[in-house]
Each structure stands twice: as C-alpha cells, then as structure tokens.
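Student: Structure incoming, see below.
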There are 2 protein chains.
Amino acid sequence: MNAAILTIGTEILIGQVIDTNSAWMANELNQIGVSIQTIISISDSGDEIKSTVEQLLNKYDLVLVTGGLGPTSDDITTQILCEVFNSKLVFHELTLQHIESIFAKRNLPLTELNRNQALVPECCEVLFNSNGTAPGMWFTKNCSILVAMPGVPFEMKGIMEQYVIPKLAALRKDSVIVHKTIQTFGLPESFLAQKLEEWERDMPSSISIAYLPSPISIRVRLSSVGTNKVEIEKAIDQQVQKLLTIIPNYVFGFDDDSLASAVGVLLNKYGKSLSLAESCTGGTISQLITQISGSSAYYKGGVVAYSNEIKVNFLNVDNALIIEHGAVSQQVVEAMANGVRAKFKTDYSIATSGIAGPTGATPGKPVGLVWIAVSTPEGTISKSFAFSNDRERNILRSSVTALNMLRLELVILTK
Amino acid sequence: MNAAILTIGTEILIGQVIDTNSAWMANELNQIGVSIQTIISISDSGDEIKSTVEQLLNKYDLVLVTGGLGPTSDDITTQILCEVFNSKLVFHELTLQHIESIFAKRNLPLTELNRNQALVPECCEVLFNSNGTAPGMWFTKNCSILVAMPGVPFEMKGIMEQYVIPKLAALRKDSVIVHKTIQTFGLPESFLAQKLEEWERDMPSSISIAYLPSPISIRVRLSSVGTNKVEIEKAIDQQVQKLLTIIPNYVFGFDDDSLASAVGVLLNKYGKSLSLAESCTGGTISQLITQISGSSAYYKGGVVAYSNEIKVNFLNVDNALIIEHGAVSQQVVEAMANGVRAKFKTDYSIATSGIAGPTGATPGKPVGLVWIAVSTPEGTISKSFAFSNDRERNILRSSVTALNMLRLELVILTK
C-alpha cells in the first residue's frame, strides 16, 4: 500500500514548527507494511489544500492529513474536505458530548468555537479523539482512503494508535517491509562505510542499506521487502551478526536504543549505580538518562555544578586545583567525578567540564574544549575533546560522548 | 520570490529522521522575503528525484534541495542533478584540497569515497562547505535557481549562512514579509482565542493571525506582506501593544524567546541567582536553562535528587516528611526547594517531585501528579498539577510550568 502524508499549516512553511508528526506516522505505518512515498507540507490556503488533496487521492492508496482542525479561524481543513468529498457538515453527537464533558471536568465554560469542533462532513467515519476536542475523520473515495487528524502530536498519536493503525493493518496482509537499524558511535561516517565496504558488497541484493549520521549516533539501516516476514528477518539477522564481528565495540544497540538506554541496560544487568557531576553539559546527561523509564533503579542523581563554588563545596573539588589548572582541566574534571561518586555513594560516575560557547574561551582553551571523566571502582579515566563552535551541538556531543565512555567501561565487565 | 524545499532520503519517509532542516531553512528564507510554498520529502530513488526536481523547477523561482550528497552508495543526488542540468561530473580542485586537508589534520587516511565528494556537475557554481566534505551547488535554469546542499544540519546551515542567504538577498529587494510572534503560557488555545476574539475581529485585513499550540507555549503569530518594511512593522506593533493590555500575565516573550530565556532576562535584570532541586524532571529544567548562552551569570547549579537518600542527605529534607507524606507531596517539594536555596546560597530556587510514569503510581497518586515549589526571599509557594499519562510530556510540561511559576514571581519585582 502506497501512501502520502500531507501536513497543513503555515507554521511549518515559515519554519516556526518542526514537523515531528510525519516522522512518527511514517515509522508506525512502515511497521505494518504501508510505504510512505512522499511527505508534503502546504499552507492553510483553501485552494492549495483542495488541489493537493485531490492530486494525492489520485496517485496514492492512502492519504494521511494532519492539521487545520483546531478551533481558531485559520483552521479550515474540515470545510475543504467537505467540499472534496461533496458532503455537508453535521454535528457529531458523541464528539459534542465529549467536548462538553471535557469542559465540565475542568470547570470551564464551553465556547462556541469548541462546540463547532464537533462539526464533521456527513460522509466520513468519525475517529474518536480521547485526548482532545477535534475528532479524526476517515473518508473513502473510489479505491483511496483519506484520514484527517488534528496536528497536536499526542492527539494525532492517540487516534493513529486506537483506530488508524488497526484498521489499516486489517486491510492489508500481503507484502511486508522489515527494517533493522544498527546503532553505532565513535566512527565517522566515511570510516564506517570503508570498514563495511566488503560486508556491503557481499550483501544480498534483496537487502538495501542506508547510513544515517546524526550528532548522537551513526545508524546503519538494513531494509527488505517480501511476503515471508520470518524469512526476511532471518536474512537480515545474518547480516547483522556479520557486521557485529567487524565493528563490535562501535555498536551500542539496535533500532530505538540510545546511548542512555544502552548504559541503563548494562547498569541494571550488573546491579551498579550511577551519579553525575555536570558542568558544561548543564543537566543534559541527566535529562537523557531520566528520559528512560525505570532509570531510578540505577541513577541516584547528580549535581549540576555550574559555578566553581558548587564544585568546591558540594563535590569536594580542591579550590587549589581550580586556581592552578582552571575549571576546564583534567585535574578538576577527575576531582568532580571522584567527588560525586564518593558523596552519592555510587559505583560509577561521570563528570564534564568544558567551554560550550559561544563565549568563555581563554588563551589555550578554545570554545569546544571539553574534559570528560568517568570514575569507576577500578579507577578514574578522563579524556579531552575538541568539539565545534556551536553551543547546542557541543553540549549534546559532550553528553553522548560521556555516556559512550561509561558504556565502554561497563562493556568490559562482561568479559 | 516563491520557493520549494525538497528533502531527499528514505530515512525521513520511514520516520527514522525528523526533518529539522526544512524548518530552519524556511525560517531563514522568510526573513529575506522568500516565501516557502511547499516542503516535500521523497526517497533517494533516481526517477523520483529527477521528476520531482523538474516539476519544482517549472513551478517555483527557487528550489532548495538537501540530502543525498554523502560519501556512501545510497547518495545519488549529484549524479541526478548532473542529468537534469545536462552536465558532466568534474573534480572541483578547491574542494578536493579541502577534503585532503581535513583528513590530514585528523591524521586519517583519505578514502576514495571521500575523494569522490569533490566531483560536481561542471555547470554549477560550487558553494564551499567549511564544515564538511560535500560542497553545496548552485544551478540556474531559465529563470529558476536550484541549490543543492548536504543534509547534515550544521553543514547545510554553514552553506546557507555563508552563501545562499546573501546571494538570494542580493537578488530581490521588492516585497517583504514581516512576522511577529507573541509567546504565551498558561491559557489553553480555545480560551486564548476567546479572550482575543474582539482583538482578532478588529485586526486590519492586511495582517493575518495564526495560533500555534505546543507543550512549551501557545504562540500567536501576526504576519503581513508589503513593500514598506517600517510601516508594516509599525502596524503589527500596534496590534501587539493592544494584545499586551488584554492578556499581560500570559505573555512571556516574543519570537524565539523561551520561558528559560524570559526567566534569565528577569534574573539578570535584578541581579538574582537561581538553583534547582529536580526529582521527576530529572535535569530537564537545568538543561533548558543552560541552553541559554550566558546562563552561568544567574544559574549556580542544581541537584538532581532522583533517590530519596539524595533528597535527605544533600537537600536537608527531613526523612520523617518523606515517610509521612511520600516523596511526591507538598511538604517534601517545599523542603527540597528551601534546602537547595539554602545550600547553594541563591536568591531563588525551584523544586519538582512527581510521577512521570508510566510506572510509579500509588493509591491517590496517579501518573502525571507533579508538585512544584518555588522558594523566594519572601517565602515558598507550591502547587500540584495533574498532567498526562505520557512520560516525556509530563517531564516537559512540569519543567516549563515550573519556569513559568518562577517567572510570575520575578515579574512582580518590577511592580
């Protein structure tokens, strides 16, 4: 089944909103063998919506539309779809009751604008929105399906999970797409590609490969289409096993694994605990770790030691070290790691100290210089890095690099 | 000047990568009056790239293409563009030297794959990529311009800032688009729309309005197109001033302001300092604050007190309070805020304690229950919130709500 995603709203075209919905939808649909051929964003102009919807309905089996269903005056998707499908607007009783109950529960008066969100084209099947007021709508025309949903991410996700995915999965049982993604860290893309050249050359032609670089990992994705899911998965798994023998230390996980989740799995496995002392990363390592549900089992907590005073008073860093070597130094970052590990009584700890930029550089210490230390029961290791000139990128790269340093220490435990 | 953005790569269509490039490009182009009419993602199939590029060149004055310029076998954009523009591939000497110097500097051997990144169609103008190996390319055909750039965000941004934006700005000096975004927090979209109904009705027809809800703010955006930039800005500013009298307390900033930057401005203005004691938000408030360059002027640091032990030992929370009321309680969150403020010797502090989910609920304390406290020189205020069932959303909503509580305390100082 070939599909298109259409996102409506000027906010995306002027760059005010990043389209995260499409990626999520594409990923979900892929799992059930729906192949997204294109993702298009257009403005909320009536003519543009109408002509694009009609074109897409002619070309694809399935068109998923998000946005333009809100209560405000710039939201016109429902009206336009009503025209496209030659229908008329009617109140959907269940949705109206639902909207009324939401407002009653919050003890708020019901506005006319919200009541009108229960207006839907008569010809569509209404998909109940349990997370908000505007319902989803399912249309069929000739052999094509169009589904319209609100653009608010968690409302769209609710409708997709509850109705759209199950309905589509029931419709199609022929071909299946299998993807397997190998998560790597530590090798630049071209080196990875060169190390994998032979492996890539020997790959069966039924399996395609893609390299997906990002600041937090380089992913290698294998994809294959067919009818026998078990067989495809087996063929892909053979290739994955082969790859693992070529670059064992650079692979930290698969599919949606992150360095934070990989570290979490290892800490859990060996019953070890972790604490953090963050300076230049300012809480980002902690944020990445606590995004993982269940992280409280191994993560006790951390100190964001943004000022030197906090480094000295709370992490027992000797002030003489700061005076002699500066806060961004091997001596201080190791003292921070050892300090937090002792005070928080954990098995492992990570510390960071660096110059995230754009200001803060001193002679010999440019923007992007970052020291990272990992304190373990066996001792303390530390390394310096020269990252870029971009603050956001420096903070993120420092954070994932620190997690990878810890991961490499934990992996040794298995041996 | 009407433009389209075309993003090439299967990774976007299967949802593995979120397209952040397009939003950034759209925003930058908008500033110089280039109006993005559509954003399209397609796969890295040769036929699809060729036909889409040709269609877009026919329809728009400017087509910006990203992706498919990497060193690996799935990167075919350069080849296809060479066909579209009837050219042949030649080595670009300066780019080749640049690639060689990058590898020499890192003390790495130069691969054939990387050397080939210096191959460009003879007819294009090469845009030097100082952040990476694949250069940008500028083509003209009839009256249309096509610019191809690598998909790696900071490489694309470098080429855009250094070449594309200045060249485009020099080309066009006729019409100008002005946007002004008002950042609000604390009122749901439909209530905001209702409060602003009259204001919206009286708006001159030359100014259009859009409501952009997100978990971190609801933005109200005013847009207007014309030839006299100063006049348009004046007309929009009048509407902004009017709006500020209607919902003064809900507006925390404009355009790219965030709650974290708004809080930073206020703390700086009054020379006040801040510390944090985060439990359920796990470092996210700290991460938001330290994203702001210069935050070290007012942010001393914080404690991520993920375990109760840390709350007791480092924040001086009385263990009896935790036993009697539980860690997620008004008593404990206030003690955390007071504890960190005293220990870190800051003027203000924020503390959070809640159940982010999906596990951790207890009788009477469901997932999504969050206590937030703000400790000030005048006393401690605290509030409980019932957020959603989604871990990531709960953490983010708690973090921005906490920042807004602090903001409202700081705003009072001006009065």
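The chains in the structure tokens are called A, B, ... from first to last as shown; in each chain the residues are counted from 1, and the ligands are counted from 1 in the order shown.
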Could you pull out the residues in region 195-295 of chain A that DSSP calls strand (DSSP E) from the backbone, as a list in words?
Tutor: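 Taking region 195-295 of chain A and keeping strand (DSSP E) gives Ser208, Ile209, Ala210, Tyr211, Leu212, Pro213, Ser214, Ser217, Ile218, Arg219, Val220, Arg221, Leu222, Ser223, Ser224, Val225, Gly226, Val251, Phe252, Gly253, Phe254, Leu274, Ser275, Leu276, Ala277 and Glu278 of chain A.
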Student: Tell me as a ChimeraX atom specification which residues belonging to chain A come within 6 Å of chain B, counting only C-alpha atoms.
Tutor: /A:13-15,18,20,23-24,26-27,36,38-42,282-284,286-287,290,300-307
Student: Keeping only N, CA and C atoms, write those residues as an mmCIF file, in the first residue's frame.
Tutor:
data_model
loop_
_atom_site.group_PDB
_atom_site.id
_atom_site.type_symbol
_atom_site.label_atom_id
_atom_site.label_comp_id
_atom_site.auth_asym_id
_atom_site.auth_seq_id
_atom_site.Cartn_x
_atom_site.Cartn_y
_atom_site.Cartn_z
ATOM 1 N N LEU A 13 5.700 25.995 7.110
ATOM 2 C CA LEU A 13 6.337 26.621 5.940
ATOM 3 C C LEU A 13 7.162 27.849 6.291
ATOM 4 N N ILE A 14 6.835 28.489 7.415
ATOM 5 C CA ILE A 14 7.693 29.614 7.796
ATOM 6 C C ILE A 14 8.719 29.155 8.828
ATOM 7 N N GLY A 15 8.739 27.868 9.106
ATOM 8 C CA GLY A 15 9.792 27.310 9.948
ATOM 9 C C GLY A 15 9.591 27.526 11.426
ATOM 10 N N ILE A 18 8.614 22.469 13.808
ATOM 11 C CA ILE A 18 9.273 21.343 13.145
ATOM 12 C C ILE A 18 8.252 20.218 13.039
ATOM 13 N N THR A 20 7.300 17.012 13.445
ATOM 14 C CA THR A 20 7.680 15.743 14.080
ATOM 15 C C THR A 20 6.610 14.682 13.821
ATOM 16 N N ALA A 23 7.313 12.056 10.826
ATOM 17 C CA ALA A 23 8.295 11.007 11.115
ATOM 18 C C ALA A 23 7.644 9.909 11.954
ATOM 19 N N TRP A 24 6.885 10.307 12.944
ATOM 20 C CA TRP A 24 6.243 9.318 13.813
ATOM 21 C C TRP A 24 5.260 8.473 13.009
ATOM 22 N N ALA A 26 5.139 7.962 9.745
ATOM 23 C CA ALA A 26 5.841 7.159 8.747
ATOM 24 C C ALA A 26 6.403 5.899 9.389
ATOM 25 N N ASN A 27 6.974 6.072 10.570
ATOM 26 C CA ASN A 27 7.558 4.938 11.273
ATOM 27 C C ASN A 27 6.501 3.905 11.652
ATOM 28 N N ILE A 36 5.479 4.931 2.811
ATOM 29 C CA ILE A 36 5.268 6.362 2.553
ATOM 30 C C ILE A 36 6.141 6.774 1.372
ATOM 31 N N THR A 38 5.837 9.952 -0.121
ATOM 32 C CA THR A 38 6.144 11.382 -0.051
ATOM 33 C C THR A 38 5.516 12.009 1.187
ATOM 34 N N ILE A 39 6.170 13.035 1.675
ATOM 35 C CA ILE A 39 5.630 13.836 2.778
ATOM 36 C C ILE A 39 5.603 15.276 2.288
ATOM 37 N N ILE A 40 4.435 15.893 2.344
ATOM 38 C CA ILE A 40 4.292 17.243 1.784
ATOM 39 C C ILE A 40 3.716 18.190 2.825
ATOM 40 N N SER A 41 4.282 19.370 2.921
ATOM 41 C CA SER A 41 3.711 20.415 3.765
ATOM 42 C C SER A 41 3.218 21.550 2.890
ATOM 43 N N ILE A 42 1.983 21.999 3.140
ATOM 44 C CA ILE A 42 1.466 23.151 2.400
ATOM 45 C C ILE A 42 0.826 24.129 3.387
ATOM 46 N N GLY A 282 25.439 20.875 31.718
ATOM 47 C CA GLY A 282 24.338 21.578 32.390
ATOM 48 C C GLY A 282 23.070 20.799 32.675
ATOM 49 N N GLY A 283 23.137 19.480 32.814
ATOM 50 C CA GLY A 283 21.933 18.699 33.109
ATOM 51 C C GLY A 283 21.479 17.845 31.948
ATOM 52 N N THR A 284 22.147 17.984 30.802
ATOM 53 C CA THR A 284 21.693 17.242 29.619
ATOM 54 C C THR A 284 21.925 15.732 29.756
ATOM 55 N N SER A 286 21.881 14.086 32.531
ATOM 56 C CA SER A 286 20.823 13.664 33.461
ATOM 57 C C SER A 286 19.483 13.572 32.740
ATOM 58 N N GLN A 287 19.221 14.539 31.880
ATOM 59 C CA GLN A 287 17.965 14.557 31.134
ATOM 60 C C GLN A 287 17.877 13.336 30.218
ATOM 61 N N THR A 290 17.243 10.200 32.449
ATOM 62 C CA THR A 290 15.932 10.098 33.085
ATOM 63 C C THR A 290 14.779 10.065 32.084
ATOM 64 N N LYS A 300 21.056 7.468 40.813
ATOM 65 C CA LYS A 300 20.700 8.059 42.107
ATOM 66 C C LYS A 300 20.468 9.563 42.003
ATOM 67 N N GLY A 301 21.206 10.202 41.084
ATOM 68 C CA GLY A 301 21.043 11.642 40.943
ATOM 69 C C GLY A 301 22.362 12.285 40.576
ATOM 70 N N GLY A 302 22.353 13.619 40.553
ATOM 71 C CA GLY A 302 23.575 14.293 40.138
ATOM 72 C C GLY A 302 23.607 15.723 40.619
ATOM 73 N N VAL A 303 24.744 16.342 40.399
ATOM 74 C CA VAL A 303 24.897 17.754 40.731
ATOM 75 C C VAL A 303 25.226 18.496 39.440
ATOM 76 N N VAL A 304 24.458 19.560 39.158
ATOM 77 C CA VAL A 304 24.862 20.451 38.080
ATOM 78 C C VAL A 304 25.706 21.529 38.740
ATOM 79 N N ALA A 305 27.019 21.425 38.547
ATOM 80 C CA ALA A 305 27.953 22.322 39.239
ATOM 81 C C ALA A 305 28.369 23.413 38.267
ATOM 82 N N TYR A 306 27.442 24.365 38.052
ATOM 83 C CA TYR A 306 27.685 25.379 37.040
ATOM 84 C C TYR A 306 28.692 26.419 37.542
ATOM 85 N N SER A 307 28.688 26.678 38.863
ATOM 86 C CA SER A 307 29.660 27.649 39.390
ATOM 87 C C SER A 307 30.783 26.902 40.111
#
Student: Quick one: pull the distance between CA of Ile355 (chain B) and CA of Ala260 (chain B), Å, one decimal.
Tutor: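 Between CA of Ile355 (chain B) and CA of Ala260 (chain B) the gap is 22.8 Å.
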Student: What is the CA of Asn404 (chain B) to CA of Phe103 (chain A) distance in Å?
Tutor: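 Distance reported for this atom pair: 23.7 Å.
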Student: Would you please give, as a ChimeraX atom specification, all residues of region 180-342 of chain B that DSSP assigns to helix (DSSP H, G or I) based on the backbone?
Tutor: /B:189-195,197-201,229-246,248-250,259-270,284-290,295-297,308-315,319-325,330-342
Student: For each of A:Ser144, A:Ser382, A:Asn316, A:Thr133, take the minimum atom-to-atom distance to Ile159 (chain A), counting only C-alpha atoms, then give the residue where this is smallest.
Tutor: A:Thr133
Student: Name the residues in contact with Ile99 (chain A) at a cut-off of 9 Å, using only C-alpha atoms, excluding same-chain residues fewer than 5 positions from it; report them as an mmCIF file with N, CA and C atoms, in the first residue's frame.
Tutor:
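For reference, part06.cif as written:
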data_model
loop_
_atom_site.group_PDB
_atom_site.id
_atom_site.type_symbol
_atom_site.label_atom_id
_atom_site.label_comp_id
_atom_site.auth_asym_id
_atom_site.auth_seq_id
_atom_site.Cartn_x
_atom_site.Cartn_y
_atom_site.Cartn_z
ATOM 1 N N LEU A 94 -21.648 12.283 19.684
ATOM 2 C CA LEU A 94 -20.723 11.726 20.665
ATOM 3 C C LEU A 94 -19.553 12.685 20.923
ATOM 4 N N ALA A 104 -16.690 20.560 31.315
ATOM 5 C CA ALA A 104 -17.337 20.439 32.621
ATOM 6 C C ALA A 104 -16.311 19.976 33.660
ATOM 7 N N LEU A 110 -18.139 26.390 28.103
ATOM 8 C CA LEU A 110 -17.938 25.859 26.747
ATOM 9 C C LEU A 110 -18.052 27.000 25.728
ATOM 10 N N ASN A 114 -15.321 25.865 20.392
ATOM 11 C CA ASN A 114 -15.058 24.467 20.709
ATOM 12 C C ASN A 114 -16.223 23.578 20.297
ATOM 13 N N ARG A 115 -17.439 24.085 20.477
ATOM 14 C CA ARG A 115 -18.619 23.301 20.091
ATOM 15 C C ARG A 115 -18.546 22.987 18.592
ATOM 16 N N GLN A 117 -16.132 22.317 16.866
ATOM 17 C CA GLN A 117 -15.187 21.240 16.534
ATOM 18 C C GLN A 117 -15.901 19.896 16.406
ATOM 19 N N ALA A 118 -17.147 19.813 16.846
ATOM 20 C CA ALA A 118 -17.927 18.574 16.679
ATOM 21 C C ALA A 118 -18.606 18.516 15.310
ATOM 22 N N GLY A 132 -8.410 15.049 23.075
ATOM 23 C CA GLY A 132 -8.663 16.436 22.718
ATOM 24 C C GLY A 132 -10.059 16.600 22.142
ATOM 25 N N THR A 133 -10.286 17.756 21.558
ATOM 26 C CA THR A 133 -11.643 18.071 21.134
ATOM 27 C C THR A 133 -11.932 17.741 19.661
ATOM 28 N N ALA A 134 -10.990 18.003 18.749
ATOM 29 C CA ALA A 134 -11.249 17.774 17.317
ATOM 30 C C ALA A 134 -11.113 16.284 16.983
#
Student: So that I can check the surroundings of Gly186 (chain B), please list as a ChimeraX atom specification every protein, DNA and RNA residue that reaches within 9 Å of it, counting only C-alpha atoms and ignoring chain neighbours fewer than 6 positions away.
Tutor: /B:217-218,249-251,401,404
Student: Calculated over only C-alpha atoms, which of the candidates B:Gly354, B:Gly368, B:Gly33, B:Gly339 has the smallest distance to Leu171 (chain B)?
Tutor: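 Checking each of B:Gly354, B:Gly368, B:Gly33, B:Gly339 against Leu171 (chain B), counting only C-alpha atoms, the winner is B:Gly33.
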Student: Neighbouring residues of Ser205 (chain B) were defined as those with any atom within 12 Å, considering only C-alpha atoms; residues of the same chain fewer than 6 positions away were excluded. Please report them as a ChimeraX atom specification.
Tutor: /B:222-225,235-236
Student: Can you tell me which residues surround Ile372 (chain A) at a distance of at most 8 Å, considering only C-alpha atoms, apart from same-chain residues fewer than 3 positions away, and format the answer as a list in words?
Tutor: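 Near Ile372 (chain A), the qualifying residues are Gln330, Val333, Glu334, Ile350, Ala351, Thr352, Ser353, Ser382, Lys383, Ser384, Ser398 and Ala402 of chain A.
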